[in-house]
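> Got a structure for you, query_31.txt, holding compact mmCIF, N, CA and C atoms.
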```txt
# COMPACT_ATOMS: atom_id res chain seq x y z
N MET A 10 -50.77 57.43 -83.01
CA MET A 10 -49.48 56.82 -82.70
C MET A 10 -49.30 55.51 -83.45
N ASP A 11 -50.32 54.65 -83.49
CA ASP A 11 -50.24 53.38 -84.19
C ASP A 11 -50.14 53.59 -85.70
N LEU A 12 -50.73 54.65 -86.20
CA LEU A 12 -50.69 54.93 -87.62
C LEU A 12 -49.26 55.27 -88.06
N GLU A 13 -48.48 55.91 -87.19
CA GLU A 13 -47.09 56.23 -87.52
C GLU A 13 -46.24 54.96 -87.65
N TYR A 14 -46.46 54.00 -86.78
CA TYR A 14 -45.72 52.74 -86.85
C TYR A 14 -46.07 51.97 -88.11
N VAL A 15 -47.32 51.98 -88.48
CA VAL A 15 -47.75 51.27 -89.69
C VAL A 15 -47.12 51.93 -90.91
N ARG A 16 -47.12 53.26 -90.97
CA ARG A 16 -46.51 53.96 -92.10
C ARG A 16 -45.01 53.67 -92.16
N PHE A 17 -44.36 53.65 -91.00
CA PHE A 17 -42.93 53.35 -90.94
C PHE A 17 -42.65 51.95 -91.47
N LEU A 18 -43.41 50.96 -91.03
CA LEU A 18 -43.19 49.58 -91.47
C LEU A 18 -43.48 49.44 -92.96
N LEU A 19 -44.52 50.09 -93.46
CA LEU A 19 -44.81 50.02 -94.89
C LEU A 19 -43.69 50.66 -95.71
N ALA A 20 -43.18 51.79 -95.25
CA ALA A 20 -42.08 52.45 -95.96
C ALA A 20 -40.83 51.58 -95.94
N LEU A 21 -40.55 50.95 -94.81
CA LEU A 21 -39.40 50.07 -94.69
C LEU A 21 -39.53 48.87 -95.64
N LEU A 22 -40.69 48.25 -95.67
CA LEU A 22 -40.92 47.13 -96.58
C LEU A 22 -40.81 47.56 -98.03
N PHE A 23 -41.29 48.76 -98.35
CA PHE A 23 -41.20 49.27 -99.71
C PHE A 23 -39.74 49.46 -100.13
N VAL A 24 -38.93 50.06 -99.25
CA VAL A 24 -37.52 50.29 -99.56
C VAL A 24 -36.77 48.95 -99.68
N LEU A 25 -37.03 48.02 -98.79
CA LEU A 25 -36.39 46.70 -98.88
C LEU A 25 -36.81 45.98 -100.15
N GLY A 26 -38.05 46.12 -100.55
CA GLY A 26 -38.52 45.54 -101.80
C GLY A 26 -37.81 46.14 -103.00
N LEU A 27 -37.61 47.47 -102.99
CA LEU A 27 -36.87 48.12 -104.08
C LEU A 27 -35.43 47.64 -104.16
N ILE A 28 -34.80 47.47 -103.01
CA ILE A 28 -33.42 46.97 -102.99
C ILE A 28 -33.37 45.55 -103.53
N GLY A 29 -34.30 44.71 -103.13
CA GLY A 29 -34.36 43.34 -103.64
C GLY A 29 -34.62 43.29 -105.13
N LEU A 30 -35.52 44.15 -105.62
CA LEU A 30 -35.80 44.21 -107.05
C LEU A 30 -34.58 44.66 -107.83
N LEU A 31 -33.86 45.65 -107.33
CA LEU A 31 -32.64 46.12 -107.99
C LEU A 31 -31.59 45.01 -108.03
N ALA A 32 -31.42 44.28 -106.94
CA ALA A 32 -30.45 43.18 -106.91
C ALA A 32 -30.84 42.10 -107.91
N PHE A 33 -32.13 41.79 -108.01
CA PHE A 33 -32.59 40.78 -108.96
C PHE A 33 -32.32 41.22 -110.39
N VAL A 34 -32.61 42.47 -110.71
CA VAL A 34 -32.39 42.97 -112.07
C VAL A 34 -30.90 42.97 -112.41
N LEU A 35 -30.05 43.40 -111.47
CA LEU A 35 -28.62 43.42 -111.73
C LEU A 35 -28.07 42.02 -111.96
N ARG A 36 -28.53 41.06 -111.20
CA ARG A 36 -28.06 39.68 -111.39
C ARG A 36 -28.61 39.09 -112.68
N ARG A 37 -29.81 39.46 -113.02
CA ARG A 37 -30.43 38.95 -114.24
C ARG A 37 -29.64 39.36 -115.48
N PHE A 38 -29.11 40.59 -115.47
CA PHE A 38 -28.35 41.08 -116.60
C PHE A 38 -26.85 40.86 -116.44
N GLY A 39 -26.44 40.17 -115.38
CA GLY A 39 -25.04 39.80 -115.21
C GLY A 39 -24.15 40.89 -114.66
N ILE A 40 -24.73 41.98 -114.19
CA ILE A 40 -23.91 43.08 -113.67
C ILE A 40 -23.42 42.78 -112.26
N GLY A 41 -24.26 42.20 -111.44
CA GLY A 41 -23.90 41.96 -110.05
C GLY A 41 -23.44 40.54 -109.77
N ALA A 42 -23.29 39.74 -110.80
CA ALA A 42 -22.93 38.34 -110.59
C ALA A 42 -21.42 38.20 -110.39
N VAL A 43 -21.05 37.26 -109.58
CA VAL A 43 -19.64 36.93 -109.38
C VAL A 43 -19.25 35.95 -110.47
N ARG A 44 -18.24 36.31 -111.23
CA ARG A 44 -17.80 35.43 -112.31
C ARG A 44 -16.53 34.71 -111.88
N ILE A 45 -16.54 33.41 -112.03
CA ILE A 45 -15.40 32.59 -111.65
C ILE A 45 -14.79 32.00 -112.91
N SER A 46 -13.50 32.14 -113.04
CA SER A 46 -12.80 31.59 -114.19
C SER A 46 -12.95 30.08 -114.21
N PRO A 47 -13.07 29.49 -115.39
CA PRO A 47 -13.18 28.03 -115.46
C PRO A 47 -12.00 27.31 -114.83
N ALA A 48 -10.83 27.95 -114.81
CA ALA A 48 -9.66 27.32 -114.20
C ALA A 48 -9.83 27.17 -112.69
N PHE A 49 -10.63 28.05 -112.08
CA PHE A 49 -10.81 28.00 -110.63
C PHE A 49 -12.05 27.22 -110.21
N ARG A 50 -12.88 26.85 -111.16
CA ARG A 50 -14.05 26.04 -110.81
C ARG A 50 -13.57 24.63 -110.50
N SER A 51 -14.00 24.14 -109.39
CA SER A 51 -13.54 22.79 -109.01
C SER A 51 -14.72 21.91 -108.69
N LYS A 52 -14.53 20.66 -108.89
CA LYS A 52 -15.53 19.66 -108.55
C LYS A 52 -15.15 19.08 -107.19
N GLY A 53 -15.44 19.80 -106.14
CA GLY A 53 -15.09 19.37 -104.80
C GLY A 53 -13.66 19.76 -104.46
N ARG A 54 -13.04 19.03 -103.56
CA ARG A 54 -11.69 19.34 -103.09
C ARG A 54 -10.61 18.66 -103.92
N SER A 55 -10.99 17.83 -104.90
CA SER A 55 -10.00 17.06 -105.62
C SER A 55 -9.20 17.89 -106.62
N ALA A 56 -9.73 19.04 -107.06
CA ALA A 56 -9.03 19.86 -108.06
C ALA A 56 -7.83 20.54 -107.42
N GLU A 57 -6.75 20.62 -108.18
CA GLU A 57 -5.53 21.24 -107.67
C GLU A 57 -5.68 22.76 -107.67
N ARG A 58 -5.27 23.39 -106.59
CA ARG A 58 -5.38 24.84 -106.47
C ARG A 58 -4.15 25.47 -107.09
N ARG A 59 -4.34 26.62 -107.75
CA ARG A 59 -3.25 27.29 -108.44
C ARG A 59 -2.58 28.34 -107.57
N LEU A 60 -3.24 28.81 -106.53
CA LEU A 60 -2.74 29.91 -105.72
C LEU A 60 -2.64 29.46 -104.28
N ALA A 61 -1.48 29.76 -103.64
CA ALA A 61 -1.29 29.36 -102.25
C ALA A 61 -0.35 30.33 -101.56
N VAL A 62 -0.61 30.57 -100.29
CA VAL A 62 0.31 31.34 -99.45
C VAL A 62 1.27 30.33 -98.84
N VAL A 63 2.54 30.43 -99.21
CA VAL A 63 3.53 29.45 -98.77
C VAL A 63 3.96 29.74 -97.35
N GLU A 64 4.38 30.99 -97.10
CA GLU A 64 4.82 31.37 -95.75
C GLU A 64 4.52 32.84 -95.50
N VAL A 65 4.37 33.17 -94.22
CA VAL A 65 4.18 34.55 -93.78
C VAL A 65 5.14 34.78 -92.63
N ALA A 66 5.90 35.87 -92.71
CA ALA A 66 6.85 36.19 -91.65
C ALA A 66 6.68 37.65 -91.24
N PRO A 67 6.42 37.92 -89.97
CA PRO A 67 6.30 39.32 -89.54
C PRO A 67 7.66 40.01 -89.56
N VAL A 68 7.70 41.23 -90.10
CA VAL A 68 8.93 42.01 -90.14
C VAL A 68 8.97 42.90 -88.90
N ASP A 69 7.89 43.61 -88.65
CA ASP A 69 7.72 44.40 -87.44
C ASP A 69 6.23 44.45 -87.13
N ALA A 70 5.82 45.38 -86.27
CA ALA A 70 4.42 45.42 -85.85
C ALA A 70 3.47 45.78 -86.99
N ARG A 71 3.97 46.45 -88.02
CA ARG A 71 3.10 46.93 -89.08
C ARG A 71 3.29 46.22 -90.42
N ARG A 72 4.38 45.50 -90.59
CA ARG A 72 4.67 44.90 -91.90
C ARG A 72 4.93 43.41 -91.77
N ARG A 73 4.67 42.71 -92.89
CA ARG A 73 4.98 41.28 -92.93
C ARG A 73 5.35 40.89 -94.35
N LEU A 74 6.22 39.91 -94.45
CA LEU A 74 6.62 39.34 -95.73
C LEU A 74 5.74 38.13 -96.02
N VAL A 75 5.25 38.07 -97.25
CA VAL A 75 4.39 36.96 -97.65
C VAL A 75 4.98 36.33 -98.91
N LEU A 76 5.16 35.04 -98.87
CA LEU A 76 5.63 34.27 -100.02
C LEU A 76 4.42 33.58 -100.62
N VAL A 77 4.07 33.97 -101.86
CA VAL A 77 2.88 33.47 -102.53
C VAL A 77 3.30 32.62 -103.72
N ARG A 78 2.68 31.45 -103.87
CA ARG A 78 2.96 30.59 -105.02
C ARG A 78 1.77 30.60 -105.96
N ARG A 79 2.05 30.87 -107.24
CA ARG A 79 1.05 30.80 -108.30
C ARG A 79 1.60 29.86 -109.35
N ASP A 80 0.88 28.79 -109.63
CA ASP A 80 1.33 27.74 -110.53
C ASP A 80 2.72 27.26 -110.06
N ASP A 81 3.78 27.43 -110.85
CA ASP A 81 5.11 27.01 -110.44
C ASP A 81 6.03 28.19 -110.18
N THR A 82 5.45 29.34 -109.84
CA THR A 82 6.23 30.55 -109.62
C THR A 82 5.88 31.12 -108.25
N GLU A 83 6.90 31.60 -107.54
CA GLU A 83 6.68 32.22 -106.24
C GLU A 83 6.98 33.71 -106.33
N HIS A 84 6.27 34.48 -105.49
CA HIS A 84 6.44 35.93 -105.44
C HIS A 84 6.58 36.33 -103.97
N LEU A 85 7.55 37.20 -103.68
CA LEU A 85 7.78 37.69 -102.32
C LEU A 85 7.22 39.10 -102.23
N ILE A 86 6.26 39.31 -101.33
CA ILE A 86 5.54 40.57 -101.22
C ILE A 86 5.68 41.09 -99.79
N LEU A 87 5.96 42.39 -99.66
CA LEU A 87 6.00 43.05 -98.36
C LEU A 87 4.68 43.78 -98.19
N LEU A 88 3.88 43.36 -97.20
CA LEU A 88 2.58 43.96 -96.95
C LEU A 88 2.67 44.88 -95.75
N GLY A 89 2.16 46.11 -95.90
CA GLY A 89 2.13 47.07 -94.81
C GLY A 89 0.71 47.56 -94.58
N ASN A 90 0.55 48.53 -93.68
CA ASN A 90 -0.78 49.06 -93.41
C ASN A 90 -1.36 49.77 -94.62
N THR A 91 -0.57 50.61 -95.26
CA THR A 91 -1.10 51.40 -96.37
C THR A 91 -0.43 51.10 -97.70
N THR A 92 0.70 50.42 -97.70
CA THR A 92 1.40 50.15 -98.95
C THR A 92 1.78 48.68 -99.03
N ASP A 93 1.83 48.19 -100.25
CA ASP A 93 2.29 46.83 -100.54
C ASP A 93 3.42 46.95 -101.56
N LEU A 94 4.44 46.13 -101.40
CA LEU A 94 5.61 46.23 -102.25
C LEU A 94 6.01 44.84 -102.72
N LEU A 95 6.16 44.69 -104.02
CA LEU A 95 6.63 43.43 -104.59
C LEU A 95 8.15 43.42 -104.49
N ILE A 96 8.69 42.57 -103.64
CA ILE A 96 10.13 42.50 -103.42
C ILE A 96 10.80 41.73 -104.55
N GLU A 97 10.29 40.55 -104.85
CA GLU A 97 10.87 39.71 -105.89
C GLU A 97 9.77 38.89 -106.52
N SER A 98 9.83 38.75 -107.84
CA SER A 98 8.82 37.94 -108.52
C SER A 98 9.50 36.92 -109.40
N ASN A 99 8.71 36.01 -109.90
CA ASN A 99 9.18 34.94 -110.78
C ASN A 99 10.28 34.10 -110.14
N ILE A 100 10.12 33.79 -108.86
CA ILE A 100 11.06 32.93 -108.15
C ILE A 100 10.69 31.48 -108.47
N ARG A 101 11.64 30.72 -108.92
CA ARG A 101 11.40 29.30 -109.16
C ARG A 101 11.67 28.55 -107.88
N PRO A 102 10.67 27.87 -107.33
CA PRO A 102 10.90 27.17 -106.05
C PRO A 102 11.85 26.00 -106.23
N GLY A 103 12.72 25.83 -105.24
CA GLY A 103 13.64 24.71 -105.25
C GLY A 103 12.95 23.48 -104.72
N PRO A 104 13.72 22.44 -104.43
CA PRO A 104 13.12 21.23 -103.87
C PRO A 104 12.49 21.53 -102.51
N GLN A 105 11.43 20.83 -102.20
CA GLN A 105 10.73 21.04 -100.94
C GLN A 105 11.61 20.63 -99.78
N ARG A 106 11.63 21.49 -98.76
CA ARG A 106 12.43 21.20 -97.56
C ARG A 106 11.52 21.21 -96.36
N SER A 107 11.93 20.51 -95.33
CA SER A 107 11.16 20.58 -94.09
C SER A 107 11.54 21.86 -93.37
N SER A 108 10.69 22.29 -92.42
CA SER A 108 10.92 23.57 -91.75
C SER A 108 12.13 23.55 -90.82
N GLY A 109 12.72 22.39 -90.56
CA GLY A 109 13.86 22.31 -89.66
C GLY A 109 15.20 22.57 -90.31
N HIS A 110 15.27 22.63 -91.64
CA HIS A 110 16.54 22.83 -92.31
C HIS A 110 17.06 24.25 -92.11
N ALA A 111 18.38 24.40 -92.21
CA ALA A 111 19.00 25.71 -92.04
C ALA A 111 18.67 26.65 -93.19
N GLY A 112 18.20 26.11 -94.32
CA GLY A 112 17.90 26.95 -95.47
C GLY A 112 16.45 27.40 -95.52
N SER A 113 15.74 27.33 -94.41
CA SER A 113 14.33 27.69 -94.43
C SER A 113 14.15 29.19 -94.55
N PHE A 114 12.94 29.59 -94.80
CA PHE A 114 12.59 30.99 -95.00
C PHE A 114 12.91 31.83 -93.76
N ASP A 115 12.59 31.31 -92.57
CA ASP A 115 12.85 32.04 -91.33
C ASP A 115 14.35 32.24 -91.10
N SER A 116 15.14 31.22 -91.36
CA SER A 116 16.58 31.37 -91.13
C SER A 116 17.19 32.33 -92.15
N ALA A 117 16.64 32.37 -93.36
CA ALA A 117 17.11 33.33 -94.35
C ALA A 117 16.80 34.75 -93.91
N LEU A 118 15.65 34.95 -93.30
CA LEU A 118 15.30 36.27 -92.79
C LEU A 118 16.23 36.68 -91.64
N ARG A 119 16.51 35.72 -90.75
CA ARG A 119 17.40 36.04 -89.62
C ARG A 119 18.80 36.36 -90.11
N SER A 120 19.29 35.59 -91.09
CA SER A 120 20.65 35.80 -91.55
C SER A 120 20.76 37.07 -92.41
N ALA A 121 19.66 37.56 -92.94
CA ALA A 121 19.70 38.78 -93.76
C ALA A 121 20.06 40.00 -92.91
N GLY A 122 19.73 39.95 -91.62
CA GLY A 122 20.02 41.08 -90.75
C GLY A 122 21.42 41.03 -90.14
N GLU A 123 22.11 39.90 -90.28
CA GLU A 123 23.45 39.77 -89.71
C GLU A 123 24.49 40.38 -90.64
N PRO A 124 25.53 41.01 -90.09
CA PRO A 124 26.58 41.56 -90.94
C PRO A 124 27.39 40.45 -91.62
N ARG A 125 27.80 40.70 -92.85
CA ARG A 125 28.59 39.70 -93.59
C ARG A 125 30.07 39.83 -93.24
N GLN A 126 30.76 38.69 -93.27
CA GLN A 126 32.19 38.70 -92.92
C GLN A 126 33.04 38.53 -94.13
```
In structure tokens, how does this file's structure come out?


Amino acid sequence: MDLEYVRFLLALLFVLGLIGLLAFVLRRFGIGAVRISPAFRSKGRSAERRLAVVEVAPVDARRRLVLVRRDDTEHLILLGNTTDLLIESNIRPGPQRSSGHAGSFDSALRSAGEPRQ
């Protein structure tokens, strides 16, 4: 009975060693390494980030609208469970507004559902 446990532990250590050796070899040759673009490498928190989620608004239980800013361009994306849809791209952001203004993202969503007169 004790011999079975010893064989099991030796086999487990052997397999874990093989996995570790494979990971080391893959990283050594650059196959498994995570490559970060020089533009995204930052020296602490002082570097300006190029990508940001500006706002998220739920449409229904399964979908939500996401406004993403990349550099000086915004993109409106509809995210669902199985599909994602680019609604509008290359949006130039206007002047920054506080969330209390009538022209905010939420009020635009509410007014989009109202009938026009």

> Residues near A:His84, anyone? I mean within 6 Å using all atoms listed in the file, not counting same-chain ones fewer than 6 positions away, as a VMD selection string.

chain A and resid 75 to 78 97 to 100

> Please provide as a PDB file with N, CA and C atoms, keeping the file's coordinate frame all residues within 6 Å of A:Arg101, with the sequence filter that same-chain residues fewer than 2 positions apart are discarded (counting all atoms listed in the file).


```pdb
ATOM      1  N   ASP A  81       3.780  27.430-110.850  1.00  0.00           N
ATOM      2  CA  ASP A  81       5.110  27.010-110.440  1.00  0.00           C
ATOM      3  C   ASP A  81       6.030  28.190-110.180  1.00  0.00           C
ATOM      4  N   THR A  82       5.450  29.340-109.840  1.00  0.00           N
ATOM      5  CA  THR A  82       6.230  30.550-109.620  1.00  0.00           C
ATOM      6  C   THR A  82       5.880  31.120-108.250  1.00  0.00           C
ATOM      7  N   GLU A  83       6.900  31.600-107.540  1.00  0.00           N
ATOM      8  CA  GLU A  83       6.680  32.220-106.240  1.00  0.00           C
ATOM      9  C   GLU A  83       6.980  33.710-106.330  1.00  0.00           C
ATOM     10  N   ASN A  99       8.710  36.010-109.900  1.00  0.00           N
ATOM     11  CA  ASN A  99       9.180  34.940-110.780  1.00  0.00           C
ATOM     12  C   ASN A  99      10.280  34.100-110.140  1.00  0.00           C
ATOM     13  N   GLY A 103      12.720  25.830-105.240  1.00  0.00           N
ATOM     14  CA  GLY A 103      13.640  24.710-105.250  1.00  0.00           C
ATOM     15  C   GLY A 103      12.950  23.480-104.720  1.00  0.00           C
TER      16      GLY A 103
END
```

> Select, from A:Ala66, A:Leu74, A:Ile40, A:Val15, the residue with the minimum atom-to-atom distance to A:Gly89, counting only N, CA and C atoms.

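The closest residue to A:Gly89 is A:Leu74.
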